[in-house]
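Asks: My file is start_10.txt. It has compact mmCIF, C-alpha atoms:
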```
# COMPACT_ATOMS: atom_id res chain seq x y z
CA MET D 101 0.00 0.00 0.00
CA MET D 102 2.86 2.35 0.81
CA GLN D 103 4.47 1.61 -2.56
CA ASN D 104 1.27 2.42 -4.41
CA SER D 105 0.89 5.71 -2.56
CA ARG D 106 4.48 6.70 -3.49
CA SER D 107 3.81 5.93 -7.13
CA PHE D 108 0.62 7.97 -6.92
CA MET D 109 2.54 10.90 -5.43
CA ASP D 110 5.17 10.69 -8.20
CA LEU D 111 2.42 10.86 -10.80
CA LYS D 112 1.02 14.00 -9.22
CA ARG D 113 4.31 15.88 -9.55
CA SER D 114 4.22 18.66 -12.06
CA PRO D 115 6.49 18.72 -15.18
CA MET D 116 8.26 21.73 -13.69
CA THR D 117 9.31 19.62 -10.71
CA HIS D 118 10.79 16.96 -12.98
CA LYS D 119 12.61 19.60 -14.98
CA ARG D 120 13.98 21.19 -11.79
CA GLN D 121 15.19 17.82 -10.54
CA LYS D 122 16.83 17.11 -13.87
CA ASN D 123 18.60 20.48 -13.83
CA ASP D 124 19.78 19.86 -10.25
CA HIS D 125 21.08 16.45 -11.28
CA ASN D 126 22.97 17.93 -14.25
CA PHE D 127 24.44 20.67 -12.08
CA LYS D 128 25.62 18.19 -9.46
CA SER D 129 27.08 15.97 -12.22
CA MET D 130 28.98 18.96 -13.62
CA VAL D 131 30.32 19.89 -10.19
CA ARG D 132 31.48 16.31 -9.59
CA SER D 133 33.14 16.32 -13.03
CA LEU D 134 35.00 19.54 -12.20
CA TYR D 135 36.21 18.04 -8.90
CA ARG D 136 37.43 14.94 -10.75
CA LEU D 137 39.12 17.10 -13.36
CA LYS D 138 40.80 19.18 -10.65
CA GLY D 139 42.13 16.04 -9.01
CA LEU D 140 43.31 14.66 -12.34
CA VAL D 141 45.17 17.85 -13.23
CA ARG D 142 46.81 17.83 -9.81
CA LYS D 143 47.81 14.20 -10.31
CA GLU D 144 49.23 15.00 -13.77
CA LEU D 145 51.29 17.90 -12.40
CA PHE D 146 52.72 15.76 -9.60
CA GLN D 147 53.52 13.01 -12.08
CA ILE D 148 55.32 15.43 -14.40
CA ILE D 149 57.34 16.85 -11.51
CA ARG D 150 58.38 13.35 -10.47
CA ASP D 151 59.16 12.31 -14.04
CA PRO D 152 61.97 14.33 -15.72
CA SER D 153 61.18 12.85 -19.16
CA SER D 154 57.70 14.38 -19.11
CA ILE D 155 59.16 17.77 -18.19
CA LEU D 156 61.58 17.51 -21.11
CA ILE D 157 58.82 16.67 -23.58
CA ALA D 158 56.24 19.15 -22.28
CA PHE D 159 58.41 22.23 -21.68
CA VAL D 160 62.06 21.83 -22.73
CA LEU D 161 61.45 20.22 -26.13
CA PRO D 162 59.17 23.05 -27.36
CA LEU D 163 61.84 25.61 -26.43
CA ILE D 164 64.55 23.70 -28.29
CA LEU D 165 62.40 23.14 -31.37
CA ILE D 166 61.11 26.70 -31.63
CA PHE D 167 64.67 28.07 -31.50
CA LEU D 168 65.86 25.49 -34.05
CA PHE D 169 63.01 26.26 -36.42
CA GLY D 170 63.42 30.00 -35.86
CA TYR D 171 67.17 30.19 -36.47
CA ALA D 172 68.26 27.09 -38.38
CA LEU D 173 65.26 26.55 -40.66
CA ASN D 174 65.41 29.53 -42.99
CA LEU D 175 64.56 29.64 -46.69
CA ASP D 176 66.07 33.10 -47.08
CA ALA D 177 69.65 33.16 -48.33
CA ASN D 178 71.99 35.93 -47.20
CA ASN D 179 75.71 36.33 -47.81
CA LEU D 180 75.69 34.01 -50.80
CA ARG D 181 79.26 33.24 -51.85
CA LEU D 182 79.54 34.89 -55.25
CA GLY D 183 82.43 35.10 -57.69
CA LEU D 184 82.61 38.45 -59.50
CA VAL D 185 84.58 38.69 -62.75
CA VAL D 186 85.20 42.01 -64.55
CA GLU D 187 86.90 41.29 -67.87
CA ARG D 188 87.70 44.93 -68.60
CA ALA D 189 87.73 47.70 -66.00
CA SER D 190 85.78 50.85 -66.82
CA PRO D 191 83.85 53.41 -64.78
CA THR D 192 80.54 51.81 -65.72
CA ALA D 193 81.73 48.25 -65.02
CA ASN D 194 83.35 49.32 -61.75
CA GLN D 195 80.17 51.01 -60.53
CA LEU D 196 78.18 47.87 -61.24
CA SER D 197 80.75 45.68 -59.49
CA TYR D 198 80.58 47.93 -56.41
CA SER D 199 76.82 47.30 -56.25
CA PHE D 200 77.46 43.56 -56.00
CA ILE D 201 80.32 43.95 -53.53
CA HIS D 202 78.29 46.13 -51.14
CA SER D 203 75.08 44.12 -51.44
CA GLN D 204 73.99 42.39 -48.22
CA ASN D 205 72.90 39.38 -50.25
CA PHE D 206 76.38 38.47 -51.45
CA ASN D 207 79.77 37.64 -50.03
CA THR D 208 81.82 38.56 -53.08
CA THR D 209 85.10 37.06 -54.23
CA TYR D 210 86.79 39.04 -57.01
CA GLY D 211 88.34 37.27 -59.98
CA ARG D 212 90.17 38.46 -63.10
CA SER D 213 88.88 35.73 -65.39
CA LEU D 214 86.14 33.13 -65.58
CA ALA D 215 88.61 30.27 -65.44
CA GLU D 216 89.99 31.64 -62.17
CA VAL D 217 86.70 31.26 -60.27
CA LYS D 218 85.14 28.35 -62.18
CA ASP D 219 87.05 25.76 -60.15
CA LYS D 220 85.84 27.36 -56.92
CA VAL D 221 82.25 26.79 -58.00
CA ARG D 222 83.03 23.16 -58.81
CA ALA D 223 84.64 22.75 -55.38
CA GLY D 224 81.61 24.25 -53.63
CA ASP D 225 83.47 27.33 -52.39
CA LEU D 226 81.23 29.62 -54.47
CA ARG D 227 77.52 29.36 -55.25
CA GLY D 228 77.68 31.25 -58.50
CA ILE D 229 79.46 33.74 -60.73
CA VAL D 230 78.54 37.14 -62.13
CA LEU D 231 80.52 37.93 -65.28
CA ILE D 232 80.72 41.54 -66.51
CA PRO D 233 81.94 41.00 -70.09
CA GLU D 234 84.64 42.92 -71.86
CA ASN D 235 82.28 44.93 -74.06
CA PHE D 236 79.78 45.73 -71.30
CA ALA D 237 80.55 49.47 -71.04
CA ARG D 238 80.55 49.92 -74.84
CA ASP D 239 77.21 48.14 -75.34
CA PHE D 240 75.70 49.96 -72.37
CA LYS D 241 76.59 53.33 -73.91
CA ARG D 242 75.58 52.44 -77.49
CA ASN D 243 72.26 50.79 -76.64
CA SER D 244 71.08 53.35 -74.06
CA GLY D 245 71.45 51.17 -70.99
CA ILE D 246 70.97 47.76 -72.60
CA ALA D 247 73.91 45.38 -72.15
CA GLN D 248 74.48 41.72 -71.43
CA LEU D 249 75.44 40.43 -68.00
CA GLN D 250 76.13 36.74 -67.44
CA VAL D 251 75.01 34.99 -64.24
CA ILE D 252 76.17 31.42 -63.60
CA ALA D 253 74.62 29.54 -60.65
CA ASP D 254 75.45 26.22 -59.03
CA GLY D 255 72.43 24.03 -59.81
CA SER D 256 73.27 21.32 -57.27
CA GLU D 257 71.05 23.33 -54.87
CA PRO D 258 68.14 24.56 -57.03
CA ASN D 259 66.60 26.81 -54.38
CA THR D 260 69.89 28.59 -53.72
CA ALA D 261 70.57 28.88 -57.46
CA SER D 262 67.17 30.48 -58.03
CA LEU D 263 67.72 32.92 -55.17
CA LEU D 264 71.15 33.87 -56.49
CA GLN D 265 69.75 34.60 -59.95
CA ASN D 266 66.92 36.70 -58.54
CA TYR D 267 69.25 38.61 -56.22
CA ALA D 268 71.67 39.28 -59.08
CA LYS D 269 68.82 40.54 -61.26
CA ALA D 270 67.53 42.79 -58.49
CA THR D 271 71.02 44.19 -57.84
CA TYR D 272 71.50 44.99 -61.52
CA GLN D 273 68.10 46.67 -61.82
CA GLY D 274 68.77 48.74 -58.70
CA TRP D 275 72.12 49.88 -60.07
CA LEU D 276 70.58 50.63 -63.49
CA GLN D 277 67.89 52.82 -61.97
CA GLN D 278 70.41 54.68 -59.81
CA HIS D 279 72.80 55.14 -62.75
CA THR D 280 70.15 56.63 -65.03
CA LEU D 281 68.97 58.99 -62.30
CA GLN D 282 72.52 60.22 -61.73
CA GLU D 283 72.78 61.07 -65.43
CA GLY D 284 69.55 63.04 -65.26
CA ARG D 285 67.63 60.55 -67.40
CA GLN D 286 64.50 58.61 -66.55
CA LEU D 287 64.50 54.86 -66.88
CA LYS D 288 61.78 53.92 -69.37
CA LEU D 289 60.73 50.32 -69.79
CA PRO D 290 58.02 48.99 -72.11
CA ILE D 291 56.25 47.38 -69.14
CA GLN D 292 56.70 48.49 -65.57
CA LEU D 293 55.85 45.96 -62.88
CA GLU D 294 54.85 47.03 -59.39
CA PRO D 295 54.89 43.86 -57.29
CA ARG D 296 52.96 43.81 -54.03
CA VAL D 297 53.27 40.99 -51.54
CA TRP D 298 50.33 40.70 -49.16
CA TYR D 299 50.51 39.51 -45.55
CA ASN D 300 54.32 39.15 -45.67
CA PRO D 301 55.60 42.20 -47.58
CA ALA D 302 59.27 41.55 -46.80
CA SER D 303 58.93 37.89 -47.91
CA ILE D 304 60.65 36.72 -44.73
CA SER D 305 60.47 32.93 -44.63
CA ARG D 306 60.58 32.86 -40.82
CA PHE D 307 57.18 34.54 -40.72
CA PHE D 308 55.42 31.60 -42.37
CA LEU D 309 57.72 28.83 -41.12
CA LEU D 310 57.33 29.52 -37.40
CA PRO D 311 53.50 29.32 -37.34
CA GLY D 312 53.77 25.98 -39.13
CA SER D 313 56.46 24.83 -36.73
CA ILE D 314 54.06 25.44 -33.83
CA ALA D 315 51.72 22.87 -35.41
CA VAL D 316 54.58 20.35 -35.58
CA ILE D 317 55.55 21.03 -31.96
CA MET D 318 51.95 20.68 -30.77
CA THR D 319 51.75 17.38 -32.67
CA ILE D 320 54.76 16.11 -30.74
CA ILE D 321 53.44 17.39 -27.43
CA GLY D 322 49.92 16.07 -27.89
CA THR D 323 50.68 12.70 -29.46
CA LEU D 324 54.08 11.73 -28.07
CA LEU D 325 53.50 12.90 -24.50
CA THR D 326 50.09 11.26 -24.32
CA ALA D 327 51.33 8.02 -25.87
CA LEU D 328 54.27 7.79 -23.47
CA VAL D 329 52.38 8.76 -20.31
CA ILE D 330 49.39 6.50 -20.92
CA ALA D 331 51.61 3.63 -22.08
CA ARG D 332 53.44 4.03 -18.78
CA GLU D 333 50.07 3.86 -17.00
CA TRP D 334 49.30 0.61 -18.80
CA GLU D 335 52.72 -0.84 -17.90
CA ARG D 336 52.34 0.03 -14.23
CA GLY D 337 48.74 -1.19 -14.07
CA THR D 338 47.38 2.17 -12.94
CA MET D 339 45.41 2.84 -16.12
CA GLU D 340 42.87 0.14 -15.28
CA ALA D 341 42.52 1.64 -11.81
CA MET D 342 41.81 5.05 -13.35
CA LEU D 343 39.24 3.70 -15.77
CA VAL D 344 37.20 1.89 -13.11
CA THR D 345 36.85 5.16 -11.22
CA PRO D 346 34.13 7.68 -12.23
CA LEU D 347 36.73 9.36 -14.48
CA ARG D 348 35.71 9.56 -18.11
CA VAL D 349 38.00 9.38 -21.14
CA SER D 350 37.06 12.97 -22.01
CA GLU D 351 38.15 14.14 -18.55
CA ILE D 352 41.48 12.33 -18.91
CA LEU D 353 42.07 14.14 -22.20
CA LEU D 354 41.05 17.51 -20.73
CA GLY D 355 43.60 17.06 -17.95
CA LYS D 356 46.36 16.63 -20.51
CA LEU D 357 44.99 19.42 -22.69
CA ILE D 358 46.01 22.00 -20.10
CA LEU D 359 49.67 21.03 -20.50
CA GLY D 360 49.41 21.35 -24.26
CA ILE D 361 47.90 24.83 -24.00
CA GLY D 362 50.77 25.83 -21.71
CA SER D 363 53.32 24.69 -24.30
CA LEU D 364 51.37 26.53 -27.01
CA LEU D 365 51.53 29.82 -25.09
CA VAL D 366 55.29 29.41 -24.63
CA CYS D 367 55.78 28.91 -28.39
CA LEU D 368 53.45 31.82 -29.16
CA LEU D 369 55.32 34.23 -26.89
CA LEU D 370 58.71 33.20 -28.29
CA SER D 371 57.51 33.58 -31.88
CA ILE D 372 56.15 37.07 -31.26
CA LEU D 373 58.68 38.50 -28.79
CA VAL D 374 61.93 36.83 -29.90
CA PHE D 375 61.42 36.26 -33.64
CA HIS D 376 59.00 39.19 -34.17
CA VAL D 377 56.47 37.16 -36.15
CA PRO D 378 53.33 39.31 -36.64
CA PHE D 379 50.12 38.03 -35.08
CA ARG D 380 47.05 39.62 -36.66
CA GLY D 381 44.31 37.28 -35.49
CA SER D 382 42.33 36.79 -32.32
CA LEU D 383 43.99 35.11 -29.35
CA TRP D 384 40.74 33.44 -28.31
CA LEU D 385 40.23 32.03 -31.79
CA LEU D 386 43.80 30.73 -31.75
CA LEU D 387 43.19 29.02 -28.39
CA LEU D 388 39.96 27.48 -29.70
CA VAL D 389 41.52 26.04 -32.86
CA SER D 390 44.59 24.89 -30.92
CA SER D 391 42.40 23.15 -28.34
CA LEU D 392 40.55 21.29 -31.10
CA PHE D 393 43.84 20.22 -32.66
CA LEU D 394 45.33 19.17 -29.33
CA ILE D 395 42.26 17.05 -28.60
CA SER D 396 42.74 15.26 -31.93
CA ALA D 397 46.46 14.80 -31.21
CA LEU D 398 45.65 13.53 -27.72
CA GLY D 399 43.13 11.14 -29.24
CA LEU D 400 45.78 9.76 -31.59
CA GLY D 401 48.21 9.40 -28.68
CA LEU D 402 45.54 7.64 -26.63
CA LEU D 403 44.85 5.26 -29.51
CA ILE D 404 48.55 4.49 -29.96
CA SER D 405 49.12 3.85 -26.25
CA THR D 406 46.01 1.69 -26.07
CA LEU D 407 47.19 -0.52 -28.91
CA ALA D 408 50.87 -0.61 -27.92
CA LYS D 409 50.84 -0.46 -24.09
CA ASN D 410 54.65 -0.20 -24.24
CA GLN D 411 56.53 3.07 -23.94
CA PHE D 412 59.19 2.32 -26.57
CA ILE D 413 56.72 1.04 -29.15
CA ALA D 414 54.32 3.90 -28.37
CA SER D 415 57.06 6.53 -28.85
CA GLN D 416 58.15 5.03 -32.18
CA ALA D 417 54.56 4.79 -33.39
CA ALA D 418 53.92 8.40 -32.37
CA LEU D 419 56.94 9.65 -34.30
CA TYR D 420 56.10 7.74 -37.46
CA SER D 421 52.34 8.34 -37.43
CA ALA D 422 52.27 11.94 -36.18
CA PHE D 423 55.60 13.80 -36.31
CA LEU D 424 56.88 12.78 -39.77
CA PRO D 425 53.52 13.28 -41.56
CA ALA D 426 53.08 16.64 -39.82
CA PHE D 427 56.59 17.70 -40.82
CA LEU D 428 56.48 16.54 -44.44
CA LEU D 429 52.83 16.50 -45.55
CA SER D 430 51.12 19.32 -43.67
CA GLY D 431 52.31 22.19 -45.87
CA PHE D 432 54.68 23.33 -43.12
CA ILE D 433 57.64 23.52 -45.53
CA PHE D 434 56.62 21.87 -48.79
CA GLU D 435 53.67 23.18 -50.80
CA ILE D 436 50.87 20.62 -50.87
CA ASP D 437 49.79 21.59 -54.39
CA SER D 438 53.22 20.61 -55.72
CA MET D 439 52.97 17.08 -54.31
CA PRO D 440 51.74 14.09 -56.35
CA SER D 441 47.97 13.73 -56.45
CA PHE D 442 47.86 10.61 -54.26
CA LEU D 443 49.88 12.37 -51.55
CA GLN D 444 47.60 15.39 -51.74
CA LYS D 445 44.65 13.09 -50.98
CA ILE D 446 46.49 11.57 -48.02
CA THR D 447 47.07 15.02 -46.52
CA PHE D 448 43.31 15.39 -45.99
CA LEU D 449 43.61 12.68 -43.31
CA LEU D 450 46.13 14.71 -41.31
CA PRO D 451 44.83 17.14 -38.67
CA ALA D 452 48.16 18.97 -38.92
CA ARG D 453 47.30 20.06 -42.48
CA TYR D 454 44.27 21.99 -41.25
CA PHE D 455 46.09 23.34 -38.21
CA VAL D 456 49.03 24.67 -40.26
CA GLN D 457 46.65 26.53 -42.57
CA SER D 458 44.78 27.95 -39.59
CA LEU D 459 47.95 29.13 -37.85
CA LYS D 460 49.34 30.81 -40.98
CA THR D 461 45.99 32.53 -41.50
CA LEU D 462 45.73 33.75 -37.90
CA PHE D 463 49.34 34.95 -37.76
CA LEU D 464 49.65 36.64 -41.15
CA ALA D 465 46.15 37.37 -42.50
CA GLY D 466 43.98 37.67 -39.40
CA ASP D 467 40.54 36.30 -38.56
CA VAL D 468 39.36 34.78 -41.84
CA TYR D 469 36.40 33.01 -40.29
CA THR D 470 35.34 30.96 -43.32
CA LEU D 471 38.78 29.41 -43.74
CA ILE D 472 39.19 28.88 -40.00
CA ALA D 473 35.77 27.19 -39.81
CA LEU D 474 36.52 24.79 -42.67
CA ASN D 475 39.89 23.83 -41.18
CA SER D 476 38.34 23.41 -37.73
CA LEU D 477 35.74 21.08 -39.23
CA GLY D 478 38.50 18.92 -40.71
CA ILE D 479 40.25 18.79 -37.32
CA ILE D 480 37.01 17.85 -35.56
CA ILE D 481 36.26 15.03 -38.02
CA MET D 482 39.70 13.45 -37.74
CA GLY D 483 39.81 13.94 -33.98
CA SER D 484 36.41 12.28 -33.60
CA ILE D 485 37.63 9.28 -35.56
CA PHE D 486 40.74 8.90 -33.36
CA LEU D 487 38.79 9.31 -30.14
CA GLY D 488 36.02 6.95 -31.26
CA ILE D 489 38.44 4.15 -32.13
CA ALA D 490 40.45 4.71 -28.93
CA LYS D 491 37.32 4.59 -26.77
CA THR D 492 36.22 1.35 -28.42
CA LYS D 493 39.61 -0.26 -27.91
CA ILE D 494 39.73 0.75 -24.25
CA ARG D 495 36.37 -0.83 -23.60
CA LYS D 496 37.42 -4.03 -25.32
CA ARG D 497 40.52 -4.25 -23.20
CA LEU D 498 38.61 -3.86 -19.93
CA ASP D 499 35.95 -6.49 -20.74
```
Any chance you could put this one into structure tokens?

Replies:
Amino acid sequence: MMQNSRSFMDLKRSPMTHKRQKNDHNFKSMVRSLYRLKGLVRKELFQIIRDPSSILIAFVLPLILIFLFGYALNLDANNLRLGLVVERASPTANQLSYSFIHSQNFNTTYGRSLAEVKDKVRAGDLRGIVLIPENFARDFKRNSGIAQLQVIADGSEPNTASLLQNYAKATYQGWLQQHTLQEGRQLKLPIQLEPRVWYNPASISRFFLLPGSIAVIMTIIGTLLTALVIAREWERGTMEAMLVTPLRVSEILLGKLILGIGSLLVCLLLSILVFHVPFRGSLWLLLLVSSLFLISALGLGLLISTLAKNQFIASQAALYSAFLPAFLLSGFIFEIDSMPSFLQKITFLLPARYFVQSLKTLFLAGDVYTLIALNSLGIIIMGSIFLGIAKTKIRKRLD
């Protein structure tokens, strides 16, 4: 009779009461989740302090990599070793040679003949030769500023050879314009080009390399650190103990996400303050996109550690499946459009591809919301796949 009366009382409750109880239950569940997350973050911090390898990966490795990428990885070429040959001295030829000698792009070695400096190019001591021919001054005077100038570049390094040719052409055009102005004439060309470079007017390679390098560093932090730490948990038998507690997989990933955001802020400050990379986007949008990418990287690390359960195997798998693809196929250094078509299709499976594009956009162009949204969608899709597979594998292991 008592049971029937309780059921009758439950039926008499209004919908507002049920809704209030549901809201109270959700609020209490959220509070309990925050307490669990707080305890997990505290546990992660203590574990990192006790484990020097985690400190190296989370904080020291980003510093080393950002300085290496900022200083060592540079597509700009300065002080190119250049051989300069003037076959016949004249005021015009000497003025032109001085332009090459005093250019910041070249480290000039003077030679009297082509044969004298040709062997130095073959030996690798010089990257190219600029030859001012014997009849240069005569042709320049007869043809109203039109004369031949020979540029020879070492093609064993195509990028350097192309830069040397472009620098030599720019040096000659600068001298030609200055020379005609000194004579009181105006340089007239059939077509005058006025190049404008958007977003990176000085064409400094560091400005687009460093944002991409942050994506590579975050890939290492998210995937490698997660794979190593969780594989260590599996080896010690503490992972099963964590999973039978009320902790959820999402809360475990959020606890590690905080460390990744800390590493991201370190790289961001170094890029802006030390290497003077412009940042034209929104900081909150950067944190949002970075959080999405870190979650996908953490999901991949969780999947690797779940399948491997061994620190050495997990670290190797993380390097081969995350670091190398992010370094080579994300558009960080090599243009994706210049890759073979089958590799271009593979890049769509890499979250780093979308993150590199987002970072370059936020740093150099600003808040281009359409592009950021499309790249974020790609990150979310790939991250969901990694997390879904990892969650399935964890459940299978615990059954």

Asks: Do you know which residues are at most 7 Å from Leu182 of chain D counting all atoms listed in the file, after dropping those on the same chain fewer than 5 positions away, and could you put them as a PyMOL selection string?

Replies: chain D and resi 206-209+226-229

Asks: Include C-alpha atoms and write out the residues we just selected as a compact mmCIF listing (two decimals), in the coordinates of the input.

Replies:
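Below is the file result33.txt, written as the result:
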```txt
# COMPACT_ATOMS: atom_id res chain seq x y z
CA PHE D 206 76.38 38.47 -51.45
CA ASN D 207 79.77 37.64 -50.03
CA THR D 208 81.82 38.56 -53.08
CA THR D 209 85.10 37.06 -54.23
CA LEU D 226 81.23 29.62 -54.47
CA ARG D 227 77.52 29.36 -55.25
CA GLY D 228 77.68 31.25 -58.50
CA ILE D 229 79.46 33.74 -60.73
```

Asks: Could you list, as a CSV table (one decimal) with C-alpha atoms, in the coordinates of the input, every residue within 9 Å of Ala177 of chain D, counting all atoms listed in the file and ignoring same-chain residues fewer than 4 positions away?

Replies:
```csv
chain,number,residue,atom,x,y,z
D,205,ASN,CA,72.9,39.4,-50.2
D,260,THR,CA,69.9,28.6,-53.7
D,263,LEU,CA,67.7,32.9,-55.2
D,264,LEU,CA,71.2,33.9,-56.5
```

Asks: Considering all atoms listed in the file, can you say which of D:Ser415, D:Tyr299, D:Gly483, D:Leu428 comes closest to Gly466 of chain D?

Replies: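 Comparing D:Ser415, D:Tyr299, D:Gly483, D:Leu428 against Gly466 of chain D, the winner is D:Tyr299.
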
Asks: Which of these residues is nearest to Phe159 of chain D, using only C-alpha atoms: D:Leu474, D:Leu424, D:Leu462, D:Leu364?

Replies: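 For Phe159 of chain D, the nearest of the given residues is D:Leu364.
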
Asks: May I ask which of the residues D:Phe200, D:Leu443, D:Asp467, D:Tyr171 is the closest one to Ala270 of chain D, counting all atoms listed in the file?

Replies: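 Closest candidate: D:Phe200.
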
Asks: Name the residues in contact with Thr192 of chain D at a cut-off of 12 Å, using all atoms listed in the file, excluding same-chain residues fewer than 2 positions from it; report them as a ChimeraX atom specification.

Replies: /D:186,188-190,194-199,232-241,245,247,275-276,279-280

Asks: Expressed in Å to a single decimal, how great is the separation between atom CA of Ser405 of chain D and atom CA of Thr326 of chain D?

Replies: 7.7 Å

Asks: Which residue out of D:Ser363, D:Thr319, D:Ser213, D:Asn179 has the minimum interatomic distance to Gly401 of chain D when only C-alpha atoms are used?

Replies: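 So, comparing all the options, the nearest one is D:Thr319.
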
Asks: Quick one, how far is atom CA of Leu163 of chain D from atom CA of Gln411 of chain D?

Replies: 23.3 Å
